[in-house]
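Data from my_file_2.cif: mmCIF, N, CA and C atoms
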```cif
data_work
#
loop_
_atom_site.label_atom_id
_atom_site.label_comp_id
_atom_site.auth_asym_id
_atom_site.auth_seq_id
_atom_site.Cartn_x
_atom_site.Cartn_y
_atom_site.Cartn_z
N MET A 1 0.82 -1.19 0.00
CA MET A 1 0.00 0.00 0.00
C MET A 1 0.87 1.26 0.00
N ARG A 2 1.92 1.25 0.84
CA ARG A 2 2.78 2.42 0.93
C ARG A 2 3.49 2.71 -0.40
N SER A 3 3.94 1.68 -1.10
CA SER A 3 4.62 1.90 -2.37
C SER A 3 3.65 2.43 -3.43
N ALA A 4 2.39 2.04 -3.36
CA ALA A 4 1.39 2.55 -4.29
C ALA A 4 1.18 4.05 -4.07
N LEU A 5 1.14 4.48 -2.80
CA LEU A 5 0.99 5.90 -2.51
C LEU A 5 2.21 6.69 -2.96
N THR A 6 3.37 6.12 -2.75
CA THR A 6 4.60 6.77 -3.20
C THR A 6 4.60 6.92 -4.71
N ALA A 7 4.16 5.89 -5.42
CA ALA A 7 4.10 5.95 -6.88
C ALA A 7 3.13 7.03 -7.34
N ILE A 8 2.01 7.15 -6.67
CA ILE A 8 1.03 8.19 -7.02
C ILE A 8 1.62 9.58 -6.79
N ARG A 9 2.27 9.76 -5.64
CA ARG A 9 2.89 11.06 -5.36
C ARG A 9 3.97 11.38 -6.38
N ASP A 10 4.79 10.39 -6.73
CA ASP A 10 5.82 10.61 -7.75
C ASP A 10 5.20 10.99 -9.08
N ARG A 11 4.11 10.35 -9.45
CA ARG A 11 3.42 10.68 -10.71
C ARG A 11 2.87 12.10 -10.67
N LEU A 12 2.33 12.50 -9.52
CA LEU A 12 1.83 13.87 -9.40
C LEU A 12 2.96 14.89 -9.54
N ASP A 13 4.12 14.60 -8.95
CA ASP A 13 5.26 15.51 -9.10
C ASP A 13 5.71 15.57 -10.56
N ARG A 14 5.76 14.43 -11.21
CA ARG A 14 6.14 14.42 -12.64
C ARG A 14 5.10 15.17 -13.48
N ALA A 15 3.82 14.96 -13.16
CA ALA A 15 2.76 15.68 -13.87
C ALA A 15 2.90 17.18 -13.64
N GLY A 16 3.25 17.58 -12.43
CA GLY A 16 3.47 19.00 -12.15
C GLY A 16 4.61 19.57 -12.95
N MET A 17 5.67 18.81 -13.11
CA MET A 17 6.80 19.27 -13.92
C MET A 17 6.41 19.39 -15.38
N ILE A 18 5.64 18.41 -15.88
CA ILE A 18 5.18 18.46 -17.28
C ILE A 18 4.24 19.64 -17.49
N LEU A 19 3.30 19.85 -16.57
CA LEU A 19 2.39 20.99 -16.68
C LEU A 19 3.15 22.31 -16.65
N SER A 20 4.17 22.40 -15.82
CA SER A 20 4.99 23.61 -15.77
C SER A 20 5.67 23.86 -17.11
N GLY A 21 6.22 22.81 -17.69
CA GLY A 21 6.86 22.94 -18.99
C GLY A 21 5.88 23.34 -20.08
N LEU A 22 4.69 22.73 -20.07
CA LEU A 22 3.68 23.08 -21.06
C LEU A 22 3.23 24.53 -20.90
N CYS A 23 3.14 24.98 -19.68
CA CYS A 23 2.75 26.36 -19.42
C CYS A 23 3.81 27.32 -19.98
N ALA A 24 5.07 27.00 -19.76
CA ALA A 24 6.15 27.85 -20.28
C ALA A 24 6.13 27.87 -21.80
N VAL A 25 5.93 26.72 -22.42
CA VAL A 25 5.84 26.65 -23.89
C VAL A 25 4.66 27.47 -24.38
N HIS A 26 3.51 27.35 -23.71
CA HIS A 26 2.32 28.13 -24.08
C HIS A 26 2.62 29.62 -24.01
N CYS A 27 3.33 30.03 -22.98
CA CYS A 27 3.66 31.44 -22.79
C CYS A 27 4.56 31.95 -23.91
N VAL A 28 5.61 31.20 -24.19
CA VAL A 28 6.55 31.61 -25.25
C VAL A 28 5.87 31.59 -26.61
N LEU A 29 5.09 30.53 -26.89
CA LEU A 29 4.38 30.48 -28.17
C LEU A 29 3.37 31.61 -28.28
N GLY A 30 2.72 31.94 -27.18
CA GLY A 30 1.79 33.06 -27.20
C GLY A 30 2.47 34.35 -27.59
N ILE A 31 3.65 34.59 -27.02
CA ILE A 31 4.40 35.81 -27.34
C ILE A 31 4.78 35.82 -28.82
N VAL A 32 5.30 34.69 -29.29
CA VAL A 32 5.77 34.62 -30.67
C VAL A 32 4.60 34.70 -31.65
N LEU A 33 3.60 33.84 -31.46
CA LEU A 33 2.51 33.78 -32.43
C LEU A 33 1.64 35.03 -32.42
N VAL A 34 1.36 35.56 -31.25
CA VAL A 34 0.50 36.73 -31.18
C VAL A 34 1.30 38.01 -31.40
N GLY A 35 2.40 38.14 -30.68
CA GLY A 35 3.18 39.37 -30.75
C GLY A 35 3.90 39.58 -32.06
N VAL A 36 4.50 38.53 -32.57
CA VAL A 36 5.31 38.67 -33.78
C VAL A 36 4.48 38.43 -35.04
N LEU A 37 3.68 37.36 -35.03
CA LEU A 37 2.94 37.00 -36.23
C LEU A 37 1.48 37.46 -36.23
N GLY A 38 0.98 37.87 -35.08
CA GLY A 38 -0.41 38.32 -34.99
C GLY A 38 -1.43 37.20 -35.17
N LEU A 39 -1.06 35.97 -34.77
CA LEU A 39 -1.95 34.82 -34.94
C LEU A 39 -2.46 34.30 -33.61
N GLY A 40 -3.70 33.85 -33.58
CA GLY A 40 -4.24 33.09 -32.46
C GLY A 40 -4.49 33.83 -31.17
N GLY A 41 -4.63 35.14 -31.21
CA GLY A 41 -4.80 35.93 -30.00
C GLY A 41 -5.99 35.54 -29.16
N GLU A 42 -7.13 35.28 -29.81
CA GLU A 42 -8.33 34.94 -29.05
C GLU A 42 -8.19 33.62 -28.32
N THR A 43 -7.48 32.69 -28.92
CA THR A 43 -7.33 31.37 -28.31
C THR A 43 -6.19 31.32 -27.31
N LEU A 44 -5.01 31.71 -27.74
CA LEU A 44 -3.83 31.60 -26.87
C LEU A 44 -3.88 32.53 -25.67
N LEU A 45 -4.52 33.67 -25.82
CA LEU A 45 -4.55 34.64 -24.73
C LEU A 45 -5.87 34.63 -23.97
N ALA A 46 -6.70 33.64 -24.21
CA ALA A 46 -7.99 33.56 -23.54
C ALA A 46 -7.79 33.44 -22.03
N PRO A 47 -8.47 34.31 -21.25
CA PRO A 47 -8.33 34.25 -19.79
C PRO A 47 -8.70 32.89 -19.20
N ALA A 48 -9.64 32.20 -19.82
CA ALA A 48 -10.06 30.89 -19.29
C ALA A 48 -8.91 29.89 -19.29
N ILE A 49 -8.08 29.91 -20.31
CA ILE A 49 -6.94 29.00 -20.38
C ILE A 49 -6.01 29.23 -19.20
N HIS A 50 -5.76 30.49 -18.89
CA HIS A 50 -4.86 30.81 -17.79
C HIS A 50 -5.46 30.44 -16.44
N ARG A 51 -6.74 30.67 -16.27
CA ARG A 51 -7.38 30.32 -15.00
C ARG A 51 -7.41 28.80 -14.81
N ILE A 52 -7.71 28.06 -15.88
CA ILE A 52 -7.72 26.59 -15.79
C ILE A 52 -6.32 26.07 -15.50
N GLY A 53 -5.33 26.63 -16.18
CA GLY A 53 -3.94 26.21 -15.94
C GLY A 53 -3.51 26.48 -14.51
N LEU A 54 -3.87 27.65 -13.99
CA LEU A 54 -3.52 27.96 -12.60
C LEU A 54 -4.25 27.03 -11.65
N GLY A 55 -5.50 26.73 -11.94
CA GLY A 55 -6.26 25.79 -11.10
C GLY A 55 -5.61 24.42 -11.07
N LEU A 56 -5.19 23.92 -12.24
CA LEU A 56 -4.50 22.63 -12.30
C LEU A 56 -3.18 22.68 -11.53
N ALA A 57 -2.44 23.76 -11.72
CA ALA A 57 -1.16 23.89 -11.03
C ALA A 57 -1.36 23.93 -9.51
N LEU A 58 -2.38 24.65 -9.07
CA LEU A 58 -2.66 24.71 -7.63
C LEU A 58 -3.03 23.33 -7.08
N ALA A 59 -3.91 22.63 -7.79
CA ALA A 59 -4.35 21.32 -7.31
C ALA A 59 -3.19 20.33 -7.26
N VAL A 60 -2.47 20.18 -8.37
CA VAL A 60 -1.37 19.22 -8.42
C VAL A 60 -0.26 19.64 -7.46
N GLY A 61 0.07 20.93 -7.46
CA GLY A 61 1.16 21.40 -6.61
C GLY A 61 0.87 21.24 -5.13
N LEU A 62 -0.28 21.70 -4.69
CA LEU A 62 -0.58 21.63 -3.27
C LEU A 62 -0.72 20.19 -2.78
N ILE A 63 -1.31 19.34 -3.60
CA ILE A 63 -1.46 17.93 -3.18
C ILE A 63 -0.10 17.25 -3.11
N SER A 64 0.64 17.29 -4.22
CA SER A 64 1.90 16.53 -4.23
C SER A 64 2.95 17.15 -3.32
N LEU A 65 3.06 18.47 -3.30
CA LEU A 65 4.07 19.09 -2.44
C LEU A 65 3.68 19.00 -0.97
N GLY A 66 2.38 19.09 -0.70
CA GLY A 66 1.91 18.93 0.68
C GLY A 66 2.15 17.53 1.21
N PHE A 67 1.84 16.53 0.39
CA PHE A 67 2.12 15.16 0.81
C PHE A 67 3.62 14.92 0.94
N GLY A 68 4.41 15.63 0.13
CA GLY A 68 5.86 15.50 0.24
C GLY A 68 6.37 15.92 1.60
N VAL A 69 5.83 17.02 2.12
CA VAL A 69 6.22 17.48 3.45
C VAL A 69 5.89 16.40 4.49
N LEU A 70 4.71 15.81 4.37
CA LEU A 70 4.32 14.76 5.31
C LEU A 70 5.23 13.56 5.21
N ARG A 71 5.69 13.26 4.01
CA ARG A 71 6.48 12.04 3.80
C ARG A 71 7.94 12.23 4.21
N HIS A 72 8.58 13.28 3.67
CA HIS A 72 10.01 13.42 3.92
C HIS A 72 10.35 14.57 4.86
N GLY A 73 9.37 15.35 5.27
CA GLY A 73 9.59 16.39 6.27
C GLY A 73 10.29 17.64 5.77
N ARG A 74 10.58 17.71 4.49
CA ARG A 74 11.25 18.90 3.93
C ARG A 74 10.20 19.91 3.49
N VAL A 75 10.25 21.10 4.06
CA VAL A 75 9.27 22.14 3.76
C VAL A 75 9.69 22.97 2.54
N ALA A 76 10.98 22.95 2.21
CA ALA A 76 11.50 23.80 1.13
C ALA A 76 10.74 23.62 -0.20
N PRO A 77 10.47 22.38 -0.65
CA PRO A 77 9.73 22.26 -1.91
C PRO A 77 8.35 22.93 -1.87
N LEU A 78 7.67 22.83 -0.75
CA LEU A 78 6.35 23.46 -0.62
C LEU A 78 6.48 24.98 -0.66
N VAL A 79 7.49 25.53 0.00
CA VAL A 79 7.70 26.98 0.00
C VAL A 79 8.07 27.46 -1.40
N ILE A 80 8.99 26.77 -2.05
CA ILE A 80 9.40 27.14 -3.42
C ILE A 80 8.19 27.07 -4.35
N GLY A 81 7.43 25.99 -4.27
CA GLY A 81 6.24 25.84 -5.09
C GLY A 81 5.20 26.89 -4.80
N GLY A 82 5.03 27.23 -3.53
CA GLY A 82 4.07 28.27 -3.16
C GLY A 82 4.44 29.63 -3.75
N ILE A 83 5.72 29.95 -3.73
CA ILE A 83 6.18 31.21 -4.34
C ILE A 83 5.93 31.18 -5.84
N GLY A 84 6.23 30.04 -6.47
CA GLY A 84 5.98 29.91 -7.91
C GLY A 84 4.50 30.06 -8.25
N LEU A 85 3.64 29.43 -7.46
CA LEU A 85 2.20 29.54 -7.70
C LEU A 85 1.72 30.97 -7.49
N ALA A 86 2.28 31.66 -6.50
CA ALA A 86 1.92 33.06 -6.27
C ALA A 86 2.33 33.94 -7.46
N LEU A 87 3.50 33.67 -8.03
CA LEU A 87 3.93 34.41 -9.22
C LEU A 87 3.01 34.14 -10.40
N MET A 88 2.58 32.88 -10.53
CA MET A 88 1.65 32.55 -11.62
C MET A 88 0.31 33.26 -11.42
N ALA A 89 -0.16 33.34 -10.19
CA ALA A 89 -1.41 34.05 -9.91
C ALA A 89 -1.24 35.54 -10.19
N ALA A 90 -0.09 36.09 -9.83
CA ALA A 90 0.17 37.51 -10.11
C ALA A 90 0.18 37.77 -11.61
N ALA A 91 0.66 36.81 -12.39
CA ALA A 91 0.69 36.97 -13.84
C ALA A 91 -0.72 37.12 -14.41
N ILE A 92 -1.67 36.43 -13.82
CA ILE A 92 -3.06 36.55 -14.29
C ILE A 92 -3.59 37.94 -13.98
N VAL A 93 -3.20 38.49 -12.84
CA VAL A 93 -3.71 39.79 -12.41
C VAL A 93 -3.16 40.93 -13.25
N VAL A 94 -1.88 40.86 -13.65
CA VAL A 94 -1.26 41.98 -14.37
C VAL A 94 -1.74 42.10 -15.81
N GLY A 95 -2.35 41.07 -16.36
CA GLY A 95 -2.82 41.15 -17.75
C GLY A 95 -1.72 40.80 -18.73
N HIS A 96 -2.09 40.78 -20.00
CA HIS A 96 -1.16 40.34 -21.04
C HIS A 96 -0.05 41.34 -21.26
N GLY A 97 1.11 40.81 -21.56
CA GLY A 97 2.27 41.65 -21.83
C GLY A 97 3.54 41.02 -21.28
N MET A 98 4.59 41.80 -21.28
CA MET A 98 5.89 41.30 -20.84
C MET A 98 5.89 40.92 -19.36
N ALA A 99 5.22 41.70 -18.53
CA ALA A 99 5.18 41.39 -17.09
C ALA A 99 4.52 40.03 -16.86
N GLU A 100 3.45 39.77 -17.59
CA GLU A 100 2.77 38.47 -17.46
C GLU A 100 3.70 37.33 -17.86
N ALA A 101 4.39 37.50 -18.97
CA ALA A 101 5.30 36.45 -19.44
C ALA A 101 6.41 36.19 -18.44
N VAL A 102 7.02 37.24 -17.92
CA VAL A 102 8.11 37.08 -16.96
C VAL A 102 7.62 36.41 -15.68
N LEU A 103 6.50 36.89 -15.15
CA LEU A 103 5.95 36.29 -13.92
C LEU A 103 5.59 34.82 -14.14
N THR A 104 4.98 34.52 -15.28
CA THR A 104 4.58 33.15 -15.56
C THR A 104 5.78 32.23 -15.68
N ILE A 105 6.77 32.64 -16.44
CA ILE A 105 7.94 31.78 -16.66
C ILE A 105 8.72 31.60 -15.36
N LEU A 106 8.87 32.66 -14.59
CA LEU A 106 9.52 32.51 -13.28
C LEU A 106 8.71 31.58 -12.38
N GLY A 107 7.39 31.77 -12.38
CA GLY A 107 6.52 30.95 -11.54
C GLY A 107 6.57 29.48 -11.91
N VAL A 108 6.43 29.17 -13.20
CA VAL A 108 6.43 27.75 -13.58
C VAL A 108 7.80 27.13 -13.39
N GLY A 109 8.85 27.94 -13.54
CA GLY A 109 10.19 27.43 -13.26
C GLY A 109 10.36 27.04 -11.80
N LEU A 110 9.85 27.88 -10.91
CA LEU A 110 9.92 27.56 -9.48
C LEU A 110 9.05 26.36 -9.12
N VAL A 111 7.88 26.27 -9.73
CA VAL A 111 7.01 25.13 -9.45
C VAL A 111 7.67 23.83 -9.93
N ALA A 112 8.26 23.86 -11.12
CA ALA A 112 8.96 22.67 -11.62
C ALA A 112 10.13 22.30 -10.70
N LEU A 113 10.89 23.30 -10.26
CA LEU A 113 11.99 23.05 -9.33
C LEU A 113 11.48 22.44 -8.03
N ALA A 114 10.35 22.95 -7.54
CA ALA A 114 9.78 22.41 -6.30
C ALA A 114 9.40 20.94 -6.47
N HIS A 115 8.80 20.60 -7.60
CA HIS A 115 8.43 19.20 -7.83
C HIS A 115 9.69 18.32 -7.94
N LEU A 116 10.72 18.83 -8.57
CA LEU A 116 11.97 18.08 -8.68
C LEU A 116 12.58 17.87 -7.29
N ARG A 117 12.62 18.91 -6.48
CA ARG A 117 13.14 18.78 -5.10
C ARG A 117 12.29 17.83 -4.28
N ASN A 118 10.98 17.84 -4.53
CA ASN A 118 10.09 16.93 -3.82
C ASN A 118 10.40 15.48 -4.19
N LEU A 119 10.61 15.23 -5.47
CA LEU A 119 10.97 13.86 -5.91
C LEU A 119 12.31 13.45 -5.28
N GLN A 120 13.26 14.36 -5.23
CA GLN A 120 14.55 14.03 -4.63
C GLN A 120 14.40 13.76 -3.14
N GLY A 121 13.53 14.50 -2.48
CA GLY A 121 13.28 14.29 -1.05
C GLY A 121 12.67 12.94 -0.76
N HIS A 122 11.84 12.44 -1.68
CA HIS A 122 11.22 11.11 -1.51
C HIS A 122 12.28 10.02 -1.55
N ARG A 123 13.34 10.25 -2.27
CA ARG A 123 14.36 9.20 -2.43
C ARG A 123 15.40 9.21 -1.32
N CYS A 124 15.41 10.28 -0.53
CA CYS A 124 16.40 10.37 0.56
C CYS A 124 16.00 9.48 1.72
#
```
Serialized structure, structure tokens:
Amino acid sequence: MRSALTAIRDRLDRAGMILSGLCAVHCVLGIVLVGVLGLGGETLLAPAIHRIGLGLALAVGLISLGFGVLRHGRVAPLVIGGIGLALMAAAIVVGHGMAEAVLTILGVGLVALAHLRNLQGHRC
């Protein structure tokens, strides 16, 4: 039973890292396609996409990083992830533009780092 729970937590951390990467790709593609080529603005910059993405990041991050603290006792991944999630939330508030892109990319980078540290903590 314990190994099954560990496997689920590891999958959630990996999913969090993948979601973070997809978010960063979405952000960069949004800048390139909309800013440079003028394509796909209604779809790529739709507020619903960002709210859904933040909701997924919050759910996966808080569950997997929270369980990580319970398992290995290291709070650092949860703190790093929390800062990253806060930056992602701030990106939604500031609206489209360079500030949004910077906040989002910094946020998803920190969330991905937190999930990586959480996976490393499970193995210690």
Result set of the PyMOL selection byres (((chain A and resi 51 and name CA) around 12) and name CA) on the coordinates above, as an MDAnalysis selection string: chainID A and resid 23 45:50 52:58 88:93
One-decimal distance in Å that lies between CA of Gly16 in chain A and CA of Ala59 in chain A: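 Interatomic distance here is 9.5 Å.
Separating CA of Ser64 in chain A from CA of Thr104 in chain A is a distance of 20.3 Å.
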Evaluate the PyMOL selection byres ((chain A and resi 107) around 8) and report residues as a PyMOL selection string: chain A and resi 20+81+83-89+101-106+108-113
Who sits within 7 Å of Asn118 in chain A, only C-alpha atoms, same chain under 6 positions skipped, as a PyMOL selection string: chain A and resi 65+68+77
Exercise: range 3-15 of chain A partners within 7 Å, only C-alpha atoms, chain neighbours under 4 positions left out, as a ChimeraX atom specification: /A:19,60,64,115,119
Point-to-point distance from CA of Arg117 in chain A to atom C of Gly21 in chain A, Å rounded to tenths: 17.3 Å
Every residue of range 15-114 of chain A that DSSP places in alpha helix (DSSP H), as a PyMOL selection string: chain A and resi 15-30+41-44+47-72+76-94+98-114
Grab all the atoms of range 21-32 of chain A that the file lists, wrap them in a box along x, y and z, add 4 Å per side, and give me centre plus edge lengths in Å (one decimal) as lines of an AutoDock Vina configuration file.
```
center_x = 4.3
center_y = 29.3
center_z = -24.7
size_x = 13.1
size_y = 21.1
size_z = 22.0
```
Top pick for closest residue to Leu78 in chain A, considering A:Leu29, A:Ala99, A:Ala114, A:Ile18 and counting only C-alpha atoms: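 Smallest separation from Leu78 in chain A among the options: A:Ala114.
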